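What follows is the content of input-v5.txt, which has compact mmCIF, C-alpha atoms and all ligand atoms:
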```txt
# COMPACT_ATOMS: atom_id res chain seq x y z
CA MET W 1 11.15 18.77 -9.68
CA ARG W 2 13.16 16.69 -12.16
CA CYS W 3 11.40 13.63 -13.56
CA PRO W 4 13.10 10.47 -12.21
CA VAL W 5 12.19 8.48 -15.33
CA CYS W 6 13.39 10.81 -18.14
CA GLY W 7 15.23 13.62 -16.34
CA GLY W 8 12.92 16.15 -18.02
CA ASP W 9 10.30 18.57 -16.75
CA CYS W 10 7.30 16.18 -16.74
CA ILE W 11 6.42 17.08 -13.13
CA ARG W 12 4.93 20.51 -12.54
CA ASP W 13 3.32 21.97 -9.43
CA ALA W 14 -0.44 21.55 -9.14
CA PRO W 15 -1.36 25.22 -9.77
CA ALA W 16 0.51 25.27 -13.12
CA VAL W 17 -1.27 22.09 -14.25
CA LEU W 18 -4.68 23.36 -13.11
CA GLU W 19 -4.21 26.71 -14.84
CA SER W 20 -3.44 24.95 -18.13
CA LEU W 21 -6.64 22.86 -18.14
CA SER W 22 -9.00 25.43 -19.62
CA SER W 23 -7.01 25.68 -22.85
CA VAL W 24 -4.56 22.77 -23.09
CA PHE W 25 -6.75 20.60 -25.33
CA SER W 26 -8.96 23.25 -26.97
CA LYS W 27 -9.00 23.75 -30.72
CA CYS W 28 -8.07 27.04 -32.34
CA GLU W 29 -10.07 28.60 -35.19
CA GLU W 30 -7.76 26.97 -37.74
CA CYS W 31 -7.91 23.45 -36.24
CA ARG W 32 -9.51 20.96 -38.64
CA PHE W 33 -10.66 17.48 -37.63
CA ARG W 34 -12.23 14.24 -38.77
CA ILE W 35 -14.04 11.90 -36.43
CA LEU W 36 -12.85 8.40 -37.29
CA ASP W 37 -14.65 5.14 -36.56
CA LYS W 38 -12.50 3.42 -33.91
CA ASN W 39 -14.14 0.08 -34.71
CA ALA W 40 -13.19 0.17 -38.40
CA PRO W 41 -9.80 -0.03 -40.14
CA LEU W 42 -8.20 3.27 -41.18
CA ARG W 43 -9.06 3.99 -44.83
CA GLY W 44 -5.92 4.79 -46.85
CA ARG W 45 -2.67 5.71 -45.21
CA PHE W 46 -3.68 9.28 -44.55
CA TYR W 47 -3.42 11.31 -41.38
CA ALA W 48 -3.54 15.09 -40.88
CA THR W 49 -0.47 16.87 -39.52
CA PRO W 50 -0.72 19.15 -36.44
CA CYS W 51 -2.28 22.60 -36.84
CA ALA W 52 -0.12 25.77 -36.66
CA CYS W 53 -1.27 25.99 -33.01
CA ASN W 54 0.59 22.67 -32.44
CA ARG W 55 -2.58 20.79 -31.58
CA ARG W 56 -4.12 17.86 -33.41
CA PHE W 57 -7.38 16.02 -32.92
CA ILE W 58 -6.87 12.72 -31.05
CA ASP W 59 -8.31 10.63 -33.92
CA GLU W 60 -5.67 12.00 -36.33
CA VAL W 61 -2.95 11.15 -33.81
CA PHE W 62 -4.33 7.61 -33.71
CA ALA W 63 -4.38 7.50 -37.51
CA HIS W 64 -0.70 8.55 -37.50
CA ILE W 65 0.20 5.78 -35.04
CA TYR W 66 -1.85 3.28 -37.08
CA VAL W 67 0.17 4.14 -40.21
CA ILE W 68 3.44 3.55 -38.31
CA PHE W 69 2.06 0.16 -37.17
CA LEU W 70 1.29 -0.67 -40.83
CA ASP W 71 4.81 0.37 -41.87
CA GLU W 72 6.33 -1.76 -39.13
CA GLY W 73 4.24 -4.79 -40.10
CA ILE W 74 2.47 -4.89 -36.70
CA LEU W 75 -0.92 -4.34 -38.33
CA SER W 76 -2.11 -5.62 -41.71
CA GLY W 77 -4.69 -2.89 -42.33
CA ASP W 78 -7.69 -5.13 -41.52
CA GLU W 79 -7.68 -4.29 -37.82
CA PRO W 80 -9.84 -1.51 -36.36
CA LEU W 81 -8.26 1.81 -35.43
CA ARG W 82 -8.62 0.99 -31.73
CA ALA W 83 -6.23 -1.96 -32.14
CA VAL W 84 -3.26 0.41 -31.74
CA GLY W 85 -3.93 0.69 -28.00
CA SER W 86 -5.30 2.93 -25.25
CA PRO W 87 -4.59 6.64 -25.00
CA LEU W 88 -3.70 8.00 -21.58
CA ILE W 89 -3.96 11.78 -21.73
CA HIS W 90 -1.52 14.05 -19.88
CA PRO W 91 -2.81 15.83 -17.94
CA GLY W 92 -5.87 13.61 -17.65
CA PHE W 93 -9.05 15.19 -16.34
CA PHE W 94 -12.77 14.77 -16.80
CA MET W 95 -13.53 15.97 -20.35
CA THR W 96 -16.86 16.32 -22.09
CA SER W 97 -15.45 16.11 -25.63
CA PRO W 98 -12.41 14.42 -27.20
CA PRO W 99 -9.19 16.47 -26.94
CA PHE W 100 -7.10 18.33 -29.48
CA LEU W 101 -3.77 17.02 -28.24
CA SER W 102 -0.77 19.25 -27.65
CA PRO W 103 2.87 18.08 -27.82
CA ASP W 104 3.84 15.44 -25.21
CA SER W 105 0.28 14.99 -23.98
CA LEU W 106 -0.32 11.28 -24.56
CA VAL W 107 1.09 8.03 -23.17
CA LEU W 108 0.22 5.15 -25.47
CA LEU W 109 -0.55 1.83 -23.82
CA SER W 110 -0.43 -0.94 -26.42
CA PRO W 111 -0.39 -4.74 -26.14
CA ILE W 112 1.04 -5.17 -29.64
CA VAL W 113 3.65 -2.42 -30.05
CA THR W 114 7.28 -3.36 -30.73
CA GLU W 115 10.36 -1.56 -29.49
CA GLU W 116 11.20 -0.30 -33.00
CA ALA W 117 7.71 1.08 -33.51
CA ALA W 118 7.72 2.67 -30.03
CA LYS W 119 10.97 4.49 -30.79
CA ARG W 120 9.58 5.75 -34.10
CA ILE W 121 6.34 6.90 -32.47
CA VAL W 122 8.01 9.12 -29.83
CA VAL W 123 10.20 10.69 -32.55
CA GLU W 124 7.60 11.04 -35.31
CA VAL W 125 4.35 11.68 -33.41
CA PRO W 126 4.88 14.89 -31.41
CA GLU W 127 1.85 14.36 -29.16
CA VAL W 128 3.17 11.06 -27.77
CA LYS W 129 5.44 11.39 -24.72
CA GLY W 130 5.83 7.69 -24.00
CA VAL W 131 4.95 4.22 -25.28
CA VAL W 132 4.23 1.35 -22.90
CA LYS W 133 3.76 -2.28 -23.87
CA CYS W 134 0.94 -3.54 -21.65
CA GLY W 135 -0.61 -6.90 -20.79
CA ASP W 136 -3.98 -8.04 -19.47
CA TYR W 137 -3.00 -7.68 -15.82
CA VAL W 138 -2.67 -4.84 -13.33
CA PRO W 139 0.92 -3.66 -12.91
CA GLY W 140 2.41 -3.48 -9.41
CA VAL W 141 1.42 -5.37 -6.28
CA THR W 142 -2.22 -6.46 -6.28
CA ASP W 143 -1.92 -9.37 -3.86
CA LEU W 144 -2.33 -8.04 -0.32
CA SER W 145 -0.46 -10.97 1.20
CA LEU W 146 2.55 -9.97 -0.95
CA SER W 147 3.06 -13.67 -1.68
CA SER W 148 2.59 -13.66 -5.47
CA PRO W 149 5.28 -12.01 -7.58
CA TYR W 150 4.59 -8.51 -8.87
CA ARG W 151 4.36 -7.74 -12.57
CA THR W 152 4.93 -4.55 -14.51
CA TYR W 153 4.37 -3.28 -18.02
CA GLN W 154 7.35 -2.22 -20.12
CA LEU W 155 8.24 1.36 -21.03
CA LEU W 156 9.63 0.98 -24.56
CA ALA W 157 10.33 4.63 -25.46
CA GLY W 158 9.95 8.14 -24.04
CA CYS W 159 8.51 8.74 -20.57
CA ASP W 160 5.37 7.26 -19.03
CA VAL W 161 4.90 9.76 -16.21
CA ARG W 162 1.61 11.61 -16.43
CA ALA W 163 -0.74 13.61 -14.28
CA GLY W 164 -4.41 13.13 -13.51
CA VAL W 165 -6.65 15.77 -11.95
CA PHE W 166 -9.02 14.51 -9.24
CA SER W 167 -11.80 16.66 -7.81
CA THR W 168 -12.51 16.74 -4.10
CA ARG W 169 -15.04 18.91 -2.29
CA ALA W 170 -12.07 20.85 -0.87
CA GLY W 171 -10.62 21.50 -4.35
CA PRO W 172 -8.69 19.59 -7.00
CA LEU W 173 -5.58 17.42 -6.56
CA VAL W 174 -2.98 16.77 -9.25
CA ILE W 175 -1.80 13.17 -9.02
CA TYR W 176 1.22 11.91 -10.97
CA THR W 177 1.64 8.24 -11.80
CA GLN W 178 4.12 6.17 -13.78
CA GLN W 179 1.96 4.06 -16.06
CA SER W 180 4.21 1.06 -16.69
CA VAL W 181 4.41 0.22 -12.99
CA MET W 182 1.16 1.52 -11.50
CA HIS W 183 -2.55 0.86 -11.53
CA ILE W 184 -4.44 3.25 -13.81
CA GLU W 185 -7.25 5.35 -12.34
CA PHE W 186 -9.21 7.61 -14.64
CA PRO W 187 -10.47 10.97 -13.39
CA ARG W 188 -14.26 10.91 -13.51
CA LEU W 189 -16.93 13.43 -12.76
CA ARG W 190 -17.66 11.63 -9.49
CA ASN W 191 -15.10 9.44 -7.79
CA PRO W 192 -16.82 6.99 -5.39
CA LYS W 193 -13.66 6.36 -3.35
CA ILE W 194 -13.04 10.07 -2.79
CA GLN W 195 -16.71 10.51 -1.87
CA SER W 196 -16.47 7.61 0.57
CA VAL W 197 -13.44 9.19 2.29
CA GLU W 198 -15.19 12.56 2.41
CA ARG W 199 -18.27 11.01 4.05
CA HIS W 200 -16.11 9.51 6.80
CA LEU W 201 -14.20 12.75 7.33
CA GLY W 202 -17.46 14.68 7.50
CA THR W 203 -19.00 12.50 10.20
CA ARG W 204 -15.92 11.50 12.25
CA HIS W 205 -13.62 14.55 12.07
CA PRO W 206 -10.50 12.45 12.74
CA THR W 207 -7.20 13.92 13.90
CA TRP W 208 -5.26 11.22 12.05
CA CYS W 209 -6.14 9.68 8.72
CA VAL W 210 -4.17 6.68 7.40
CA ASP W 211 -4.21 5.68 3.73
CA ALA W 212 -2.67 2.26 4.18
CA CYS W 213 -2.68 1.01 0.54
CA SER W 214 -2.11 4.46 -0.87
CA GLY W 215 -1.32 3.86 -4.54
CA ALA W 216 -0.33 7.29 -5.84
CA GLY W 217 -1.71 8.93 -2.67
CA THR W 218 -5.04 10.27 -3.91
CA LEU W 219 -7.14 9.37 -0.84
CA GLY W 220 -4.54 10.39 1.75
CA LEU W 221 -3.98 13.70 0.01
CA CYS W 222 -7.75 14.16 -0.21
CA ALA W 223 -7.84 13.93 3.61
CA ALA W 224 -4.98 16.43 3.80
CA ARG W 225 -6.85 18.72 1.37
CA HIS W 226 -9.76 18.65 3.82
CA GLY W 227 -7.42 19.87 6.57
CA VAL W 228 -7.01 16.62 8.56
CA LEU W 229 -4.14 17.43 10.95
CA GLY W 230 -2.21 14.19 10.58
CA VAL W 231 -2.08 12.10 7.41
CA ILE W 232 -0.06 8.92 6.84
CA MET W 233 0.19 7.31 3.40
CA SER W 234 1.82 3.94 2.88
CA ASP W 235 2.15 1.32 0.19
CA ALA W 236 4.26 -1.83 -0.05
CA TRP W 237 5.05 -1.12 -3.72
CA TYR W 238 8.02 1.20 -4.31
CA ALA W 239 6.43 3.17 -7.16
CA ALA W 240 3.24 3.82 -5.19
CA ALA W 241 5.15 5.05 -2.14
CA TYR W 242 7.51 7.12 -4.27
CA TRP W 243 4.73 8.81 -6.27
CA SER W 244 2.72 9.42 -3.08
CA ALA W 245 5.71 11.46 -1.89
CA VAL W 246 5.98 13.27 -5.24
CA ASN W 247 2.27 14.05 -5.13
CA LEU W 248 2.64 15.46 -1.62
CA HIS W 249 5.28 17.79 -3.10
CA VAL W 250 3.24 18.68 -6.20
CA ASN W 251 0.20 19.64 -4.09
CA ARG W 252 2.12 21.09 -1.09
CA MET W 253 0.64 24.58 -1.49
CA PHE W 254 -2.78 23.18 -0.54
CA PHE W 255 -1.54 21.98 2.86
CA LYS W 256 -0.41 23.78 6.02
CA ILE W 257 3.06 22.30 6.02
CA ASP W 258 6.64 23.55 6.09
CA GLU W 259 9.40 21.97 4.06
CA ILE W 260 9.01 18.39 2.78
CA VAL W 261 11.96 16.14 3.61
CA PHE W 262 12.61 13.18 1.29
CA HIS W 263 14.38 10.28 3.01
CA SER W 264 14.91 8.19 -0.09
CA THR W 265 15.37 8.51 -3.83
CA TYR W 266 13.70 6.83 -6.76
CA ASP W 267 16.87 4.87 -7.60
CA ALA W 268 17.30 3.69 -4.00
CA MET W 269 13.66 2.60 -3.81
CA GLN W 270 14.00 0.53 -6.99
CA GLU W 271 16.43 -1.67 -5.04
CA HIS W 272 13.55 -2.73 -2.73
CA MET W 273 10.47 -2.90 -4.92
CA VAL W 274 8.32 -4.53 -2.22
CA ARG W 275 8.77 -3.88 1.51
CA ARG W 276 7.08 -5.39 4.54
CA ASP W 277 8.57 -3.37 7.42
CA PRO W 278 7.57 0.26 6.99
CA VAL W 279 10.36 2.63 5.95
CA ARG W 280 9.79 6.36 5.97
CA ILE W 281 10.08 7.86 2.49
CA ALA W 282 9.11 11.49 3.10
CA ASP W 283 7.55 13.73 5.71
CA ALA W 284 6.44 17.28 6.29
CA GLY W 285 5.54 19.07 9.52
CA GLY W 286 3.88 22.35 10.37
CA ASP W 287 0.25 22.89 11.31
CA GLN W 288 -0.39 19.61 9.48
CA SER W 289 1.84 16.51 9.60
CA ILE W 290 1.98 14.37 6.48
CA LEU W 291 4.12 11.24 6.32
CA VAL W 292 4.80 8.71 3.56
CA TYR W 293 5.99 5.15 4.19
CA GLN W 294 6.80 2.17 2.05
CA GLY W 295 5.62 -0.99 3.78
CA ASP W 296 3.01 -3.70 4.24
CA TYR W 297 -0.28 -2.37 5.66
CA ARG W 298 -0.23 -5.25 8.17
CA GLU W 299 3.00 -3.90 9.68
CA LEU W 300 2.03 -0.24 9.62
CA TRP W 301 0.72 -0.30 13.22
CA ARG W 302 4.36 -0.26 14.34
CA VAL W 303 4.78 3.36 13.21
CA LEU W 304 1.29 4.77 13.81
CA PRO W 305 0.48 7.28 16.58
CA SER W 306 -0.96 5.71 19.74
CA GLU W 307 -4.19 7.73 19.47
CA PRO W 308 -7.16 6.54 17.36
CA VAL W 309 -6.86 6.90 13.59
CA CYS W 310 -9.32 6.84 10.73
CA ALA W 311 -7.86 4.25 8.36
CA VAL W 312 -8.82 3.68 4.74
CA LEU W 313 -7.81 0.38 3.12
CA ASP W 314 -8.13 0.73 -0.64
CA ILE W 315 -7.57 -2.93 -1.47
CA PHE W 316 -7.85 -4.39 -4.96
CA HIS W 317 -10.10 -7.39 -4.38
CA LYS W 318 -13.11 -6.04 -2.53
CA SER W 319 -15.71 -8.55 -3.63
CA ASP W 320 -14.70 -11.39 -1.27
CA LYS W 321 -16.70 -10.47 1.84
CA ASP W 322 -15.09 -13.06 4.15
CA GLU W 323 -11.63 -11.93 3.11
CA THR W 324 -12.37 -8.20 3.57
CA ASP W 325 -13.98 -8.89 6.98
CA ARG W 326 -10.87 -10.77 8.03
CA ILE W 327 -8.63 -7.91 6.84
CA LEU W 328 -10.67 -5.29 8.70
CA GLN W 329 -10.75 -7.38 11.90
CA GLU W 330 -7.01 -7.95 11.75
CA TRP W 331 -6.43 -4.20 11.38
CA GLN W 332 -8.80 -3.38 14.26
CA SER W 333 -7.07 -5.84 16.56
CA ARG W 334 -3.93 -3.70 16.33
CA VAL W 335 -4.98 -0.13 15.59
CA PRO W 336 -7.47 1.92 17.66
CA GLY W 337 -10.05 3.96 15.77
CA GLU W 338 -12.04 3.33 12.66
CA VAL W 339 -11.19 1.40 9.49
CA PHE W 340 -13.09 1.18 6.22
CA ILE W 341 -12.75 0.08 2.63
CA PRO W 342 -13.69 2.97 0.29
ZN ZN F 401 9.51 12.13 -17.50
ZN ZN F 402 -5.22 24.85 -34.23
```
Would you give me this structure, written as structure tokens?
Ligand SMILES: [Zn+2]
Ligand SMILES: [Zn+2]
Amino acid sequence: MRCPVCGGDCIRDAPAVLESLSSVFSKCEECRFRILDKNAPLRGRFYATPCACNRRFIDEVFAHIYVIFLDEGILSGDEPLRAVGSPLIHPGFFMTSPPFLSPDSLVLLSPIVTEEAAKRIVVEVPEVKGVVKCGDYVPGVTDLSLSSPYRTYQLLAGCDVRAGVFSTRAGPLVIYTQQSVMHIEFPRLRNPKIQSVERHLGTRHPTWCVDACSGAGTLGLCAARHGVLGVIMSDAWYAAAYWSAVNLHVNRMFFKIDEIVFHSTYDAMQEHMVRRDPVRIADAGGDQSILVYQGDYRELWRVLPSEPVCAVLDIFHKSDKDETDRILQEWQSRVPGEVFIP
């Protein structure tokens, strides 16, 4: 599948990604490394170049980026190494030690990077596949009422599409996201939301599972991975709905489905970044049915099956009890079955 952001081969099927994990960030016998203090400035303007195996320890990659920031006048040399930004590893998975990065395996998220520096970084630092200028907010739609305007980060150079590997009790899922426009979820050893969904599946055995604020589709695809016969994923935000459909495709070999039909394209979806009325983006039939919509969760009842469903509402602001009670009651007044917040 061609990457809609860069036209390259960023998106690979889940088995290829999973097979690569055991060695993708391992050091070879020749790999050398220094562990640098992230809370201190870089001493000197030195960084090591990649090993003959094409890998380089993450701290050296950060030192390289730091030197470019010094050259570009973004840093003075007094700032700690961590001031360059946050590394998002591609593919991201739960690691017990810091990685030896291979080419195109890091998206840099930085609040201070300039466009000139970003362009230099993707050319001069082989490990970096994309540079995103970020802010102190969550990109995409975080307001369930859809009344406040959405915000995004800015992709300054390269491509910001990357994969994360999420474990479920039925096996792993490979989930692609586009970091400038989507909420970041880090793969962890235990994922409480996935565990919450699995508990409900284990006790209720639903025929239909609905992931009504799907993000990149992790929880809906987790239900599909567990063999739930009907799965519906939906999100009001174009990027979330689009990447849910991509992630259905990437993980399709884990489901009992025939061909996946896409009803929209990335470019077409960018014309309607937020939708209220649900529009079908992709579907697949077979022994399992899996459907992806873009739309407001409050309007999703219009397209749901008439039988009871097990619905998961992965909303952003879960701490306001009155608000979440109201949301759950509103859902239950329209949709038969069970609803929960993971
Ligand atoms: Zn790409
Ligand atoms: Zn090496």
*Collect all residues with atoms no farther than 8 Å from ligand ZN 402 (chain F), counting all atoms listed in the file, and output them as a list in words.*
Lys27, Cys28, Glu29, Glu30, Cys31, Arg32, Pro50, Cys51, Ala52, Cys53, Asn54, Arg55 and Arg56 of chain W
Please produce, as CSV, a per-residue contact table for chain W versus ligand ZN 401 (chain F) (criterion: any atom at most 10 Å away, only C-alpha atoms and all ligand atoms considered), showing the nearest atom pair and its distance in Å to one decimal, sorted by chain then residue number.
```
residue,atom,partner,partner_atom,distance
W:Arg2,CA,F:ZN401,ZN,7.9
W:Cys3,CA,F:ZN401,ZN,4.6
W:Pro4,CA,F:ZN401,ZN,6.6
W:Val5,CA,F:ZN401,ZN,5.0
W:Cys6,CA,F:ZN401,ZN,4.1
W:Gly7,CA,F:ZN401,ZN,6.0
W:Gly8,CA,F:ZN401,ZN,5.3
W:Asp9,CA,F:ZN401,ZN,6.5
W:Cys10,CA,F:ZN401,ZN,4.7
W:Ile11,CA,F:ZN401,ZN,7.3
W:Lys129,CA,F:ZN401,ZN,8.3
W:Gly130,CA,F:ZN401,ZN,8.7
W:Gly158,CA,F:ZN401,ZN,7.7
W:Cys159,CA,F:ZN401,ZN,4.7
W:Asp160,CA,F:ZN401,ZN,6.6
W:Val161,CA,F:ZN401,ZN,5.3
W:Arg162,CA,F:ZN401,ZN,8.0
W:Gln178,CA,F:ZN401,ZN,8.9
```
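If you measure from each of W:Arg151, W:Val165, W:Gln288, W:Gly140 to Val250 in chain W using all atoms listed in the file, the closest one turns out to be W:Val165.
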Nearby residues (all atoms listed in the file) at most 12 Å from Lys193 in chain W, same-chain spacing under 5 positions excluded, as an MDAnalysis selection string
chainID W and resid 166:168 185 187:188 198:200 211 214 218:220 222:223 312:315 340:342
Resulting file, chosen residues, C-alpha atoms, as a compact mmCIF listing (two decimals), in the coordinates of the input:
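File produced: out23.txt:
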```txt
# COMPACT_ATOMS: atom_id res chain seq x y z
CA PHE W 166 -9.02 14.51 -9.24
CA SER W 167 -11.80 16.66 -7.81
CA THR W 168 -12.51 16.74 -4.10
CA GLU W 185 -7.25 5.35 -12.34
CA PRO W 187 -10.47 10.97 -13.39
CA ARG W 188 -14.26 10.91 -13.51
CA GLU W 198 -15.19 12.56 2.41
CA ARG W 199 -18.27 11.01 4.05
CA HIS W 200 -16.11 9.51 6.80
CA ASP W 211 -4.21 5.68 3.73
CA SER W 214 -2.11 4.46 -0.87
CA THR W 218 -5.04 10.27 -3.91
CA LEU W 219 -7.14 9.37 -0.84
CA GLY W 220 -4.54 10.39 1.75
CA CYS W 222 -7.75 14.16 -0.21
CA ALA W 223 -7.84 13.93 3.61
CA VAL W 312 -8.82 3.68 4.74
CA LEU W 313 -7.81 0.38 3.12
CA ASP W 314 -8.13 0.73 -0.64
CA ILE W 315 -7.57 -2.93 -1.47
CA PHE W 340 -13.09 1.18 6.22
CA ILE W 341 -12.75 0.08 2.63
CA PRO W 342 -13.69 2.97 0.29
```
Exercise. Using only C-alpha atoms, can you list as an MDAnalysis selection string the residues within 10 Å of (13.3, 2.2, -4.2)?
Worked result: chainID W and resid 237:239 241:242 264:275 281 294
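Distance check against Val61 in chain W using only C-alpha atoms: of W:Ser23, W:Lys256, W:Leu106, W:Met1, the minimum falls on W:Leu106.
Between CA of Leu146 in chain W and CA of Val303 in chain W lies a distance of 19.6 Å.
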Neighbours of Ala63 in chain W within 8 Å (only C-alpha atoms; same-chain residues fewer than 2 positions away dropped), as a ChimeraX atom specification? /W:42,46-47,59-61,65-67,81
Report task. Name the residues within 7 Å of (-8.8, 18.4, 0.5), counting all atoms listed in the file in the file's coordinates, and put them as a PyMOL selection string. Result -> chain W and resi 168-171+221-227
Generate the output file for the selected residues, C-alpha atoms, as a PDB file, in the frame of the given file.
```
ATOM      1  CA  THR W 168     -12.510  16.740  -4.100  1.00  0.00           C
ATOM      2  CA  ARG W 169     -15.040  18.910  -2.290  1.00  0.00           C
ATOM      3  CA  ALA W 170     -12.070  20.850  -0.870  1.00  0.00           C
ATOM      4  CA  GLY W 171     -10.620  21.500  -4.350  1.00  0.00           C
ATOM      5  CA  LEU W 221      -3.980  13.700   0.010  1.00  0.00           C
ATOM      6  CA  CYS W 222      -7.750  14.160  -0.210  1.00  0.00           C
ATOM      7  CA  ALA W 223      -7.840  13.930   3.610  1.00  0.00           C
ATOM      8  CA  ALA W 224      -4.980  16.430   3.800  1.00  0.00           C
ATOM      9  CA  ARG W 225      -6.850  18.720   1.370  1.00  0.00           C
ATOM     10  CA  HIS W 226      -9.760  18.650   3.820  1.00  0.00           C
ATOM     11  CA  GLY W 227      -7.420  19.870   6.570  1.00  0.00           C
TER      12      GLY W 227
END
```
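Shortest separation to Val197 in chain W among W:Val228, W:Met95, W:Ala163, W:Val246 occurs at residue W:Val228, atoms counted being only C-alpha atoms.
Distance-wise, CA of Val125 in chain W and CA of Leu189 in chain W end up 29.7 Å apart.
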Problem - Close residues, Lys38 in chain W itself excluded, 8 Å, all atoms listed in the file, min 2 positions apart in chain, as a ChimeraX atom specification - result: /W:36,40-41,80-82
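When CA of Thr207 in chain W is paired with CA of Ile194 in chain W, their separation reads 18.1 Å.
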Using all atoms listed in the file, which residues sit within 7 Å of Arg276 in chain W once same-chain residues fewer than 3 positions away are excluded, as a PDB file with C-alpha atoms, in the coordinates of the input?
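Final output, out_24.pdb:
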```
ATOM      1  CA  ALA W 236       4.260  -1.830  -0.050  1.00  0.00           C
ATOM      2  CA  GLY W 295       5.620  -0.990   3.780  1.00  0.00           C
ATOM      3  CA  ASP W 296       3.010  -3.700   4.240  1.00  0.00           C
ATOM      4  CA  GLU W 299       3.000  -3.900   9.680  1.00  0.00           C
TER       5      GLU W 299
END
```
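You can rank W:Ile89, W:Val309, W:Leu109, W:Ile184 by their closest distance to Pro139 in chain W using all atoms listed in the file, and at the top of that list sits W:Ile184.
With distances taken over all atoms listed in the file, W:Met182 is the one residue among W:Leu155, W:Val123, W:Met182, W:Leu248 lying closest to Val138 in chain W.
Proximity of W:Thr114, W:Ser97, W:Gln195, W:Thr142 to Ile35 in chain W, computed with all atoms listed in the file, is greatest for W:Ser97.
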* Determine, counting only C-alpha atoms, which protein, DNA and RNA residues have an atom within 7 Å of an atom of Ala118 in chain W; residues of the same chain fewer than 5 positions away are not included. Present the result as number ranges by chain. => W: 113, 131, 156-157
